[in-house]
Every structure is written in structure tokens, then in C-alpha cells.
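Below is upload.cif, which holds mmCIF, C-alpha atoms.
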```
data_model
loop_
_atom_site.label_atom_id
_atom_site.label_comp_id
_atom_site.auth_asym_id
_atom_site.auth_seq_id
_atom_site.Cartn_x
_atom_site.Cartn_y
_atom_site.Cartn_z
CA MET A 987 -45.18 -20.75 18.83
CA GLN A 988 -42.73 -23.01 20.60
CA SER A 989 -39.34 -22.45 22.15
CA THR A 990 -37.65 -25.63 20.81
CA TYR A 991 -36.77 -24.02 17.49
CA GLN A 992 -35.52 -20.90 19.28
CA ILE A 993 -33.27 -23.07 21.48
CA LEU A 994 -31.83 -24.65 18.33
CA VAL A 995 -31.26 -21.18 16.86
CA LEU A 996 -29.62 -20.09 20.11
CA SER A 997 -27.12 -22.96 19.92
CA ILE A 998 -26.38 -22.07 16.29
CA LEU A 999 -25.85 -18.42 17.22
CA LEU A 1000 -23.48 -19.44 20.01
CA SER A 1001 -21.48 -21.64 17.62
CA GLY A 1002 -21.66 -18.80 15.11
CA ILE A 1003 -19.96 -16.48 17.55
CA VAL A 1004 -17.00 -18.86 17.67
CA SER A 1005 -16.77 -19.53 13.91
CA GLY A 1006 -17.54 -15.87 13.21
CA PHE A 1007 -14.74 -14.72 15.48
CA ILE A 1008 -12.23 -16.87 13.58
CA THR A 1009 -13.52 -15.51 10.26
CA PHE A 1010 -13.55 -12.00 11.68
CA ARG A 1011 -9.86 -12.23 12.56
CA MET A 1012 -9.07 -13.39 9.03
CA SER A 1013 -11.00 -10.68 7.21
CA GLY A 1014 -10.39 -7.65 9.38
CA MET A 1015 -13.14 -5.22 10.31
CA LYS A 1016 -15.23 -6.08 7.26
CA LEU A 1017 -17.44 -8.42 9.31
CA ALA A 1018 -18.00 -5.97 12.18
CA PRO A 1019 -21.65 -5.11 11.30
CA HIS A 1020 -22.52 -8.79 11.00
CA PHE A 1021 -20.73 -9.70 14.20
CA LEU A 1022 -22.56 -6.95 16.09
CA VAL A 1023 -25.99 -8.14 14.85
CA LEU A 1024 -25.00 -11.73 15.67
CA ILE A 1025 -24.22 -10.89 19.31
CA VAL A 1026 -27.33 -8.75 19.75
CA SER A 1027 -29.40 -11.52 18.16
CA PHE A 1028 -27.93 -14.05 20.60
CA ILE A 1029 -28.80 -11.89 23.60
CA VAL A 1030 -32.36 -11.17 22.43
CA THR A 1031 -32.94 -14.85 21.56
CA LEU A 1032 -31.77 -15.87 25.02
CA ILE A 1033 -34.12 -13.33 26.65
CA GLY A 1034 -36.99 -14.54 24.44
CA ILE A 1035 -36.46 -18.16 25.51
CA LEU A 1036 -36.25 -17.23 29.18
CA THR A 1037 -39.33 -14.97 29.16
CA LEU A 1038 -41.32 -16.66 26.33
CA ASN A 1039 -42.54 -13.16 25.54
CA THR A 1040 -44.07 -13.16 22.03
CA THR A 1041 -42.88 -9.64 21.16
CA ILE A 1042 -39.32 -10.43 22.18
CA ILE A 1043 -39.36 -13.68 20.21
CA TYR A 1044 -40.61 -11.82 17.12
CA ALA A 1045 -37.83 -9.26 17.63
CA ALA A 1046 -35.36 -12.14 18.01
CA VAL A 1047 -36.57 -13.69 14.73
CA ILE A 1048 -36.06 -10.38 12.90
CA LEU A 1049 -32.57 -10.08 14.33
CA GLN A 1050 -31.82 -13.70 13.43
CA LEU A 1051 -32.81 -13.06 9.81
CA LEU A 1052 -30.72 -9.89 9.80
CA THR A 1053 -27.78 -11.93 11.07
CA VAL A 1054 -28.05 -14.24 8.07
CA ILE A 1055 -28.43 -11.37 5.60
CA THR A 1056 -25.41 -9.48 6.97
CA ALA A 1057 -23.31 -12.66 6.89
CA TYR A 1058 -23.78 -12.82 3.13
CA THR A 1059 -23.62 -9.10 2.36
CA GLN A 1060 -20.40 -8.65 4.34
CA THR A 1061 -18.65 -11.61 2.73
CA TRP A 1062 -20.05 -11.17 -0.77
CA ALA A 1063 -16.79 -9.81 -2.29
CA VAL A 1064 -14.83 -12.68 -0.78
CA LEU A 1065 -17.33 -15.24 -2.08
CA LYS A 1066 -17.32 -13.64 -5.51
CA TYR A 1067 -13.59 -13.11 -6.08
CA ASN A 1068 -11.73 -15.34 -3.62
CA PHE A 1069 -12.15 -18.93 -4.74
CA GLN A 1070 -9.18 -20.21 -2.75
CA THR A 1071 -9.87 -18.31 0.48
CA SER A 1072 -13.66 -18.55 0.55
CA PRO A 1073 -13.73 -22.10 2.00
CA ALA A 1074 -12.39 -20.57 5.22
CA TYR A 1075 -15.69 -18.68 5.43
CA ALA A 1076 -17.81 -21.73 4.66
CA PRO A 1077 -18.26 -23.10 8.23
CA HIS A 1078 -19.62 -19.78 9.47
CA LEU A 1079 -21.87 -19.24 6.46
CA THR A 1080 -23.18 -22.79 6.71
CA LEU A 1081 -24.09 -22.25 10.34
CA MET A 1082 -25.79 -18.96 9.52
CA THR A 1083 -27.77 -20.58 6.70
CA LEU A 1084 -29.30 -23.04 9.19
CA ILE A 1085 -31.00 -20.16 10.97
CA PRO A 1086 -33.81 -18.90 8.65
CA VAL A 1087 -35.73 -22.19 8.43
CA LEU A 1088 -35.62 -22.71 12.19
CA SER A 1089 -36.50 -19.06 12.88
CA MET A 1090 -39.53 -19.18 10.61
CA ALA A 1091 -40.55 -22.56 12.04
CA SER A 1092 -40.49 -21.09 15.55
CA ILE A 1093 -43.24 -18.61 14.66
CA LEU A 1094 -45.19 -20.59 12.05
CA VAL A 1095 -45.28 -24.15 13.44
CA MET B 1368 27.92 -0.24 -46.93
CA LYS B 1369 30.80 -0.86 -44.52
CA LYS B 1370 34.37 -1.66 -45.67
CA ILE B 1371 36.83 -3.40 -43.38
CA ASN B 1372 40.47 -3.97 -44.14
CA ALA B 1373 41.54 -7.07 -42.21
CA LEU B 1374 44.56 -8.11 -44.21
CA GLY B 1375 46.86 -8.38 -41.21
CA ILE B 1376 44.40 -10.36 -39.11
CA LYS B 1377 44.66 -14.12 -38.90
CA TYR B 1378 42.06 -16.82 -38.19
CA PRO B 1379 40.38 -17.13 -35.62
CA ASN B 1380 40.73 -13.40 -34.88
CA SER B 1381 39.38 -12.60 -38.34
CA LYS B 1382 36.24 -14.64 -37.59
CA ILE B 1383 35.79 -12.99 -34.18
CA LEU B 1384 36.19 -9.55 -35.76
CA VAL B 1385 33.62 -10.24 -38.48
CA GLU B 1386 31.15 -11.74 -35.99
CA ASN B 1387 31.36 -8.66 -33.78
CA ILE B 1388 30.78 -6.44 -36.78
CA LEU B 1389 27.80 -8.50 -37.97
CA LYS B 1390 26.31 -8.55 -34.49
CA HIS B 1391 26.18 -4.77 -34.27
CA ASN B 1392 25.91 -3.89 -37.93
CA MET B 1393 23.17 -1.58 -39.19
CA ASP B 1394 24.34 -1.48 -42.85
CA ASP B 1395 22.95 -3.64 -45.62
CA GLU B 1396 26.36 -4.68 -46.95
CA ILE B 1397 29.78 -5.40 -45.49
CA ILE B 1398 32.97 -5.82 -47.51
CA VAL B 1399 35.95 -7.41 -45.81
CA ASN B 1400 39.45 -7.60 -47.30
CA LEU B 1401 41.30 -10.68 -46.10
CA LYS B 1402 44.19 -12.94 -46.96
CA LYS B 1403 43.07 -16.10 -48.78
CA SER B 1404 43.78 -18.39 -45.86
CA GLU B 1405 41.82 -16.39 -43.28
CA THR B 1406 38.23 -16.81 -44.47
CA GLN B 1407 37.47 -19.87 -42.39
CA GLY B 1408 34.03 -19.79 -40.70
CA LEU B 1409 32.84 -16.63 -42.42
CA GLU B 1410 30.26 -18.35 -44.60
CA GLU B 1411 28.59 -19.89 -41.52
CA LEU B 1412 28.61 -16.49 -39.85
CA SER B 1413 26.87 -14.81 -42.77
CA GLU B 1414 24.22 -17.53 -42.74
CA LYS B 1415 23.78 -17.17 -38.98
CA TYR B 1416 23.21 -13.42 -39.18
CA GLY B 1417 21.07 -13.50 -42.32
CA TYR B 1418 23.56 -12.32 -44.97
CA ASP B 1419 24.30 -13.54 -48.49
CA TYR B 1420 27.95 -14.55 -48.87
CA ARG B 1421 30.09 -13.85 -51.94
CA ILE B 1422 33.84 -14.04 -52.51
CA GLU B 1423 35.95 -12.22 -55.13
CA THR B 1424 39.66 -12.98 -55.57
CA LYS B 1425 42.21 -10.22 -56.08
CA GLY B 1426 45.66 -11.80 -56.33
CA ASN B 1427 46.62 -13.08 -52.93
CA GLU B 1428 43.71 -11.24 -51.32
CA LEU B 1429 40.05 -12.00 -50.98
CA VAL B 1430 37.16 -9.60 -50.97
CA VAL B 1431 34.27 -11.01 -48.97
CA ARG B 1432 30.92 -9.41 -49.66
CA MET B 1433 28.16 -9.97 -47.17
CA THR B 1434 24.80 -8.57 -48.24
CA LYS B 1435 21.78 -8.58 -45.98
CA LYS B 1436 19.08 -10.98 -47.19
CA ASP B 1437 15.71 -9.45 -47.97
CA ILE B 1438 13.90 -9.19 -44.71
CA GLU B 1439 10.51 -10.78 -44.97
CA ILE B 1440 8.29 -10.04 -42.03
CA GLU B 1441 5.89 -12.81 -41.27
CA LYS B 1442 2.67 -11.85 -39.52
CA LEU B 1443 1.03 -13.57 -36.60
CA ASP B 1444 -2.43 -12.56 -35.43
CA VAL B 1445 -3.02 -13.49 -31.81
CA THR B 1446 -6.39 -11.75 -31.55
CA GLY B 1447 -8.78 -13.80 -29.46
CA GLN B 1448 -6.00 -15.85 -27.89
CA THR B 1449 -6.07 -15.87 -24.12
CA CYS B 1450 -3.06 -16.00 -21.87
CA PRO B 1451 -0.70 -17.87 -22.09
CA GLY B 1452 -1.63 -18.68 -25.73
CA PRO B 1453 0.09 -15.68 -27.38
CA VAL B 1454 3.41 -16.19 -25.62
CA ILE B 1455 3.44 -19.89 -26.50
CA ILE B 1456 2.72 -19.14 -30.16
CA VAL B 1457 5.31 -16.34 -30.37
CA GLY B 1458 7.89 -18.24 -28.32
CA ASP B 1459 7.63 -21.27 -30.60
CA LYS B 1460 7.85 -19.05 -33.66
CA LEU B 1461 10.92 -17.17 -32.43
CA ALA B 1462 12.60 -20.45 -31.54
CA SER B 1463 12.30 -21.57 -35.16
CA MET B 1464 13.56 -18.25 -36.59
CA GLN B 1465 17.12 -17.30 -37.48
CA ILE B 1466 18.97 -14.36 -35.98
CA GLY B 1467 17.99 -11.17 -37.77
CA GLN B 1468 14.58 -12.43 -38.89
CA ARG B 1469 11.56 -10.43 -37.84
CA ILE B 1470 7.97 -11.17 -37.05
CA GLU B 1471 4.96 -8.90 -36.72
CA ILE B 1472 2.43 -9.83 -34.06
CA ASP B 1473 -1.05 -8.33 -34.22
CA SER B 1474 -3.75 -8.22 -31.57
CA ASN B 1475 -6.80 -6.18 -30.68
CA MET B 1476 -5.66 -6.17 -27.03
CA LYS B 1477 -2.76 -3.95 -26.04
CA GLU B 1478 -2.23 -5.93 -22.83
CA THR B 1479 -1.46 -9.05 -24.86
CA LEU B 1480 1.28 -7.26 -26.78
CA ASP B 1481 2.63 -5.53 -23.65
CA ASP B 1482 3.05 -8.99 -22.22
CA LEU B 1483 5.03 -10.05 -25.28
CA ILE B 1484 7.14 -6.88 -25.24
CA ILE B 1485 8.19 -7.52 -21.64
CA SER B 1486 8.98 -11.16 -22.28
CA ALA B 1487 10.68 -10.70 -25.70
CA PRO B 1488 14.27 -10.72 -24.33
CA GLU B 1489 13.56 -14.03 -22.60
CA MET B 1490 12.56 -15.45 -25.99
CA LYS B 1491 15.71 -14.07 -27.66
CA GLY B 1492 13.68 -11.32 -29.27
CA SER B 1493 14.16 -7.58 -29.50
CA VAL B 1494 11.27 -5.21 -30.07
CA VAL B 1495 12.02 -3.03 -33.09
CA GLU B 1496 8.66 -1.43 -33.61
CA GLU B 1497 5.27 -1.17 -31.95
CA GLY B 1498 2.15 0.78 -32.70
CA GLU B 1499 -1.54 0.90 -33.51
CA THR B 1500 -3.44 0.84 -36.77
CA ASN B 1501 -7.25 1.12 -36.97
CA GLY B 1502 -7.75 0.08 -33.37
CA ASN B 1503 -5.51 -2.95 -33.73
CA TYR B 1504 -2.12 -3.12 -32.06
CA TYR B 1505 1.08 -4.55 -33.49
CA VAL B 1506 4.64 -5.22 -32.44
CA VAL B 1507 7.61 -6.22 -34.59
CA ILE B 1508 10.14 -8.49 -32.90
CA GLU B 1509 13.56 -9.39 -34.28
CA LYS B 1510 15.34 -12.58 -33.30
CA VAL B 1511 18.62 -11.61 -31.66
CA GLU B 1512 21.51 -13.37 -30.01
CA ILE B 1513 21.41 -12.87 -26.27
CA GLU B 1514 24.78 -12.26 -24.71
CA ALA B 1515 25.69 -14.27 -21.63
CA VAL B 1516 24.33 -12.76 -18.45
CA SER B 1517 26.77 -12.10 -15.67
CA GLN B 1518 26.53 -14.73 -12.96
CA VAL B 1519 26.86 -12.11 -10.26
CA THR B 1520 23.81 -9.88 -10.38
CA LYS B 1521 22.80 -7.40 -7.74
CA ARG B 1522 19.30 -8.11 -6.43
CA ASP B 1523 18.01 -4.56 -6.27
CA LYS B 1524 14.41 -5.26 -7.20
CA VAL B 1525 11.61 -6.87 -5.23
CA LEU B 1526 8.81 -8.94 -6.71
CA VAL B 1527 5.88 -9.39 -4.32
CA VAL B 1528 3.57 -12.20 -5.36
CA GLN B 1529 0.13 -12.02 -3.75
CA SER B 1530 -2.33 -14.89 -4.18
CA ASN B 1531 -4.71 -14.57 -1.22
CA GLY B 1532 -6.67 -11.40 -1.90
CA ILE B 1533 -9.13 -9.60 0.33
CA GLY B 1534 -10.23 -12.86 1.98
CA ASN B 1535 -7.04 -12.81 4.03
CA ALA B 1536 -6.57 -9.32 5.42
CA GLU B 1537 -3.21 -10.00 7.05
CA LYS B 1538 -1.59 -11.18 3.82
CA ALA B 1539 -3.21 -8.33 1.88
CA TYR B 1540 -1.77 -5.83 4.36
CA ALA B 1541 1.62 -7.55 4.36
CA THR B 1542 1.83 -7.17 0.57
CA PHE B 1543 1.62 -3.41 0.69
CA ILE B 1544 3.40 -2.81 3.98
CA PHE B 1545 6.31 -4.88 2.72
CA SER B 1546 6.25 -3.02 -0.63
CA LYS B 1547 6.24 0.30 1.20
CA ALA B 1548 9.30 -0.78 3.17
CA ALA B 1549 11.08 -1.96 0.03
CA LEU B 1550 10.35 1.33 -1.77
CA SER B 1551 11.69 3.21 1.22
CA MET B 1552 14.88 1.20 0.95
CA GLY B 1553 15.29 2.35 -2.63
CA LYS B 1554 14.24 -0.95 -4.17
CA GLU B 1555 12.26 -1.17 -7.35
CA VAL B 1556 8.97 -2.88 -6.46
CA THR B 1557 6.76 -4.97 -8.69
CA ILE B 1558 3.62 -6.60 -7.30
CA PHE B 1559 2.07 -9.51 -9.13
CA LEU B 1560 -1.50 -10.33 -8.12
CA LEU B 1561 -2.66 -13.78 -9.11
CA MET B 1562 -5.43 -16.22 -8.17
CA ASP B 1563 -7.40 -14.73 -5.23
CA GLY B 1564 -4.87 -11.87 -5.14
CA VAL B 1565 -6.53 -10.21 -8.15
CA SER B 1566 -9.52 -9.33 -5.93
CA ILE B 1567 -7.40 -6.60 -4.31
CA ALA B 1568 -7.09 -4.72 -7.61
CA ARG B 1569 -10.81 -4.67 -8.32
CA LYS B 1570 -12.34 -1.24 -7.79
CA GLY B 1571 -13.94 -0.96 -4.35
CA ASN B 1572 -12.57 -4.19 -2.88
CA ALA B 1573 -9.50 -2.83 -1.09
CA GLU B 1574 -11.77 -0.27 0.60
CA LYS B 1575 -13.47 -3.12 2.46
CA VAL B 1576 -10.29 -4.33 4.14
CA LYS B 1577 -9.63 -2.58 7.46
CA HIS B 1578 -7.77 -3.67 10.53
CA PRO B 1579 -7.97 -1.48 13.65
CA ALA B 1580 -4.19 -1.21 13.80
CA PHE B 1581 -3.72 -0.19 10.15
CA GLU B 1582 -5.04 2.23 7.59
CA ARG B 1583 -7.70 1.00 5.19
CA LEU B 1584 -6.04 -1.14 2.51
CA ASP B 1585 -6.86 1.19 -0.41
CA LYS B 1586 -5.22 4.08 1.46
CA LEU B 1587 -2.08 2.01 1.79
CA MET B 1588 -2.20 0.81 -1.81
CA GLY B 1589 -2.68 4.23 -3.48
CA PRO B 1590 0.58 5.87 -2.30
CA ILE B 1591 2.54 2.75 -3.22
CA ILE B 1592 1.30 3.01 -6.81
CA GLU B 1593 2.11 6.74 -6.77
CA GLN B 1594 5.64 5.98 -5.56
CA GLY B 1595 6.22 3.91 -8.67
CA ALA B 1596 5.42 0.33 -7.71
CA GLN B 1597 4.22 -1.57 -10.75
CA ILE B 1598 1.17 -3.72 -10.06
CA TYR B 1599 0.37 -6.50 -12.49
CA VAL B 1600 -2.87 -8.46 -12.35
CA CYS B 1601 -2.84 -12.00 -13.70
CA GLU B 1602 -4.99 -12.00 -16.82
CA LEU B 1603 -6.09 -15.62 -16.42
CA SER B 1604 -7.04 -15.25 -12.74
CA ALA B 1605 -8.94 -12.05 -13.55
CA GLU B 1606 -10.83 -13.78 -16.35
CA PHE B 1607 -11.75 -16.62 -13.99
CA ARG B 1608 -13.40 -14.05 -11.75
CA GLY B 1609 -14.98 -11.98 -14.50
CA ILE B 1610 -12.67 -9.04 -13.84
CA LYS B 1611 -11.69 -6.83 -16.79
CA GLN B 1612 -9.10 -4.06 -17.14
CA SER B 1613 -11.90 -1.49 -16.76
CA ASP B 1614 -12.78 -3.03 -13.35
CA LEU B 1615 -9.28 -2.49 -12.00
CA VAL B 1616 -8.11 0.44 -9.89
CA GLU B 1617 -5.91 2.99 -11.61
CA GLY B 1618 -2.24 2.04 -11.67
CA THR B 1619 -2.82 -1.67 -12.04
CA LYS B 1620 -2.79 -3.54 -15.32
CA LEU B 1621 -3.53 -6.98 -16.66
CA ALA B 1622 -0.51 -9.10 -17.50
CA GLY B 1623 -0.05 -12.63 -18.71
CA ALA B 1624 1.99 -15.62 -17.68
CA ALA B 1625 4.88 -14.45 -19.83
CA THR B 1626 5.29 -11.31 -17.72
CA TYR B 1627 5.18 -13.37 -14.54
CA ILE B 1628 7.75 -15.88 -15.80
CA THR B 1629 9.99 -13.10 -17.09
CA LEU B 1630 9.90 -11.38 -13.70
CA LEU B 1631 10.63 -14.65 -11.91
CA SER B 1632 13.50 -15.38 -14.31
CA ASP B 1633 15.13 -12.02 -13.71
CA PRO B 1634 17.95 -12.66 -11.23
CA SER B 1635 17.88 -9.04 -10.08
CA PHE B 1636 14.49 -9.70 -8.41
CA ALA B 1637 14.12 -10.97 -4.88
CA VAL B 1638 10.78 -12.78 -4.77
CA VAL B 1639 8.41 -12.66 -1.80
CA ASN B 1640 5.15 -14.60 -1.63
CA PHE B 1641 2.04 -13.57 0.29
#
```
Please lay out the structure from this file as C-alpha cells.
Amino acid sequence: MQSTYQILVLSILLSGIVSGFITFRMSGMKLAPHFLVLIVSFIVTLIGILTLNTTIIYAAVILQLLTVITAYTQTWAVLKYNFQTSPAYAPHLTLMTLIPVLSMASILV
Amino acid sequence: MKKINALGIKYPNSKILVENILKHNMDDEIIVNLKKSETQGLEELSEKYGYDYRIETKGNELVVRMTKKDIEIEKLDVTGQTCPGPVIIVGDKLASMQIGQRIEIDSNMKETLDDLIISAPEMKGSVVEEGETNGNYYVVIEKVEIEAVSQVTKRDKVLVVQSNGIGNAEKAYATFIFSKAALSMGKEVTIFLLMDGVSIARKGNAEKVKHPAFERLDKLMGPIIEQGAQIYVCELSAEFRGIKQSDLVEGTKLAGAATYITLLSDPSFAVVNF
């Protein structure tokens, strides 16, 4: 287990807070569950990097994966029915989609 | 049969009189008594309104007989045609028809015919009959002469065009908040959802839109439908997204391009875009 991947995830989560906030304002409260998980995930990831505690890093990885899942479940209707508006959600979703590979790498590599 | 004595009436008043009669006539035959010199233009009129023209002389007088030509109703089946196919086919057909001629349009989709019924006046057509036989729907449209529309028309209706859908909560809210205001002001409100806008009408989607300062979107939308706002959902945009009439919330219905164009062409509508 190494912290490099977790640092990369942390930077993505931080960027995700910014892009997510913009998306959040556009879609209303629909993204609230995702945004909550995203912030909690950021905090736990930061603690994991600072302490290098294995349990906390595992918890951070679970939260990171949950962040990605909620990003898609909360925007699914927009992605499915809003062809013209969905590109506004693309930057945030793209950032979120970077997370799983790096998260898994942090515990497997 | 209608008999008109127009012996004292001179041309062009005689022509104007006969045209007005033909325009509103429900009888199969009209007989007009005229002086010999006052028949100018009547033959063209009878042709224009679909009547056979015959003249009998009685001394210095003429008896003009105008008998309605046999009405043959041509049939057009627009089953399987997707919007705006039916309106193009019917519009082209009506353009080639003479006043008084009728056409029957058949389809297995009621929405397609509803679209044509709404847009018929724009195509110089008047719906004379509509119904259903063995699960298929039909409408009979007669070509009519449209009288000139007054240039000064009161804009007492509001057409709200929404093309952003649930992906843009502010515009989705604005659509219904604005409609609510317009209804309160005694305006007749019609909402046309097209492109991404159709996502609002899909069952369950409006429930997902919530801003802390406002009620959930579906709770705003429901009362507006109950208050009489007509919500049309663009058929083509819905098809693009795999949305069918059965997927739509109650009070909303699929409509084609013809309905949209007719609404836009109606000068009594003020149009707002969201």
C-alpha cells in the first residue's frame, strides 16, 4: 500500500468539490447525497494520508468508490434524458471516473 | 335547395351576394334569379366552391342553377409516419385541393390526428368529422377559405417553451412559476416541452428536482395542470429519448411539430422561452 495514489485521489476529490458545486447549483438538491459523500470522502482520505493508518485508508477507498457510484446514480436521469444539458455534468463525472482505478491501485499495488 | 331572387341587384354586388351564400351554404343546390347582364363571375365562383353551373333563360331573366358536385372523399393513411411526416403529407394534400373538397386521414395513433386537428385551420382545413373504427382513428378535413385575420389581436394567451429539462433546475422551476403567475393573471397557459424539456414530463423525473427555496418541481407542476394549463410534449424529442405517452405524467400529451408551429403562429400567444 502506498500513499501516492491516495494523494492523487485527494487532488481529484478537491477538484471534484469545485466542479461538483457548480453542477450542484445547476441541478438543485438532487446531488446532495453525492456531494455529502464526496466531502466525507475527502476528509477521510486526507486523514488516511496524514496517519497512513491502513484501516482509515481502506475506509477512504470505500468512500471514494461510493462517491463515484453516487455521482452516476444521482445524475442518471439527466444523462438519460437531457442530451443538451448533460455536457454541463461531464467535467464532474469525468473527474469522478478517474477515482476507482487510482483507489484500487492504492490498495493493490 | 335554396332560391334567391336577385333581379334588382347589379354586378359586382350580385357576385358578392352569391359568393357569400356559397361560402355559408349547407344546401346541395342554389337557384339564383338574375338579369341577363348580371351573371359575370358566377361560373368561376361555382367552380371555386365545388358546384356545377347551369343557366336557363326566361325572357329577360336568367335562372342560374348551382348544384354541389359529388363529394368524393380521398383517404390518406398516415399510420407509421412519425412527426412531422403526417402534417407535411396532409398539408401538401390540402394545398392541392379545392375549397369544399374533403379528405379522410387515418392513423393508429390518436396523437397524430390530434396534431392534425389542431393545425387544420393553419392549413386552410376544417374538421368535419372525427372518430374511431376498430382501434384505428380517423378525421375528415374539408378545405375551406380562411377569412382574413384581424391585424389587431389581443395577446391573452401565454406559450411557455421549455427546452432544458431537469438538467437545469432553475429553468425548470421558471417554467412552472411563470405559468402559475400567468394563470393567476387570467391568461390561458400552454406549455410546450421540447428537446431536453421533455424529461420534465416523464413520470418520476420532476420529483427529483428540488431547490431549498422552492417546492419540489412535481408539486408545482401538478396544480398548474389542474388549473387548466395544457402541457404538450414534443413527439420527436420524446422518441429520441425513448419516452412514450404511457411514460408521461397525467395531464401531459405528445404533440407534433404542427401543434408547435400552430401555437407559434397564433398571434394571441405571447411566447416565452426557458
What's around Val1494 (chain B) at 8 Å? Count all atoms listed in the file, leave out sequence neighbours fewer than 6 positions away in its own chain, and write the answer as a PDB file with C-alpha atoms, in the coordinates of the input.
```
ATOM      1  CA  ILE B1484       7.140  -6.880 -25.240  1.00  0.00           C
ATOM      2  CA  ALA B1487      10.680 -10.700 -25.700  1.00  0.00           C
ATOM      3  CA  VAL B1506       4.640  -5.220 -32.440  1.00  0.00           C
ATOM      4  CA  VAL B1507       7.610  -6.220 -34.590  1.00  0.00           C
ATOM      5  CA  ILE B1508      10.140  -8.490 -32.900  1.00  0.00           C
ATOM      6  CA  GLU B1509      13.560  -9.390 -34.280  1.00  0.00           C
TER       7      GLU B1509
END
```
B:Phe1641, B:Phe1607, B:Phe1559, B:Phe1543 ranked by distance to chain A, top pick (using all atoms listed in the file): B:Phe1607
Gly1417 (chain B) surroundings by all atoms listed in the file, 12 Å radius, close-in-sequence under 6 positions cut, as a ChimeraX atom specification: /B:1389-1390,1392,1395-1396,1410-1411,1433-1439,1464-1469,1509-1511
The PyMOL selection byres ((chain A) within 6 of (chain B)) resolved against shown file, as a count of residues only: 9
Would you compute the box with edges along x, y and z of the file around region 1535-1553 of chain B, including every atom the file lists for it and 8 Å extra on each side, and give its centre and edge lengths in Å to one decimal, as lines of an AutoDock Vina configuration file?
```
center_x = 4.1
center_y = -4.8
center_z = 2.2
size_x = 38.3
size_y = 32.0
size_z = 25.7
```
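Proximity ranking of A:Thr1053, A:Gln1070, A:Gln1060, A:Thr1031 relative to Thr990 (chain A) places A:Thr1031 first, based on all atoms listed in the file.
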Residues in the PyMOL selection byres ((chain B and resi 1446) around 12), expressed as a compact mmCIF listing (two decimals) with C-alpha atoms, in the frame of the given file:
```txt
# COMPACT_ATOMS: atom_id res chain seq x y z
CA LEU B 1443 1.03 -13.57 -36.60
CA ASP B 1444 -2.43 -12.56 -35.43
CA VAL B 1445 -3.02 -13.49 -31.81
CA GLY B 1447 -8.78 -13.80 -29.46
CA GLN B 1448 -6.00 -15.85 -27.89
CA THR B 1449 -6.07 -15.87 -24.12
CA CYS B 1450 -3.06 -16.00 -21.87
CA GLY B 1452 -1.63 -18.68 -25.73
CA PRO B 1453 0.09 -15.68 -27.38
CA ILE B 1456 2.72 -19.14 -30.16
CA ILE B 1472 2.43 -9.83 -34.06
CA ASP B 1473 -1.05 -8.33 -34.22
CA SER B 1474 -3.75 -8.22 -31.57
CA ASN B 1475 -6.80 -6.18 -30.68
CA MET B 1476 -5.66 -6.17 -27.03
CA LYS B 1477 -2.76 -3.95 -26.04
CA GLU B 1478 -2.23 -5.93 -22.83
CA THR B 1479 -1.46 -9.05 -24.86
CA LEU B 1480 1.28 -7.26 -26.78
CA ASN B 1503 -5.51 -2.95 -33.73
CA TYR B 1504 -2.12 -3.12 -32.06
CA TYR B 1505 1.08 -4.55 -33.49
```
Expansion of the PyMOL selection byres ((chain A and resi 1078-1090) around 10) into residues, as a ChimeraX atom specification: /A:990-996,998-999,1001-1009,1024,1043-1044,1046-1058,1061,1073-1077,1091-1095
d(CA of Leu1560 (chain B), CA of Gln1594 (chain B)) in Å: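 Computing it gives 18.0 Å between the two atoms.
Of note, CA of Ile1388 (chain B) and CA of Lys1415 (chain B) are spaced 13.0 Å apart.
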Between CA of Glu1512 (chain B) and CA of Glu1489 (chain B) - distance in Å to one decimal: 10.9 Å
Who sits within 6 Å of Ser1486 (chain B), all atoms listed in the file, same chain under 4 positions skipped, as a PyMOL selection string: chain B and resi 1625-1626+1629
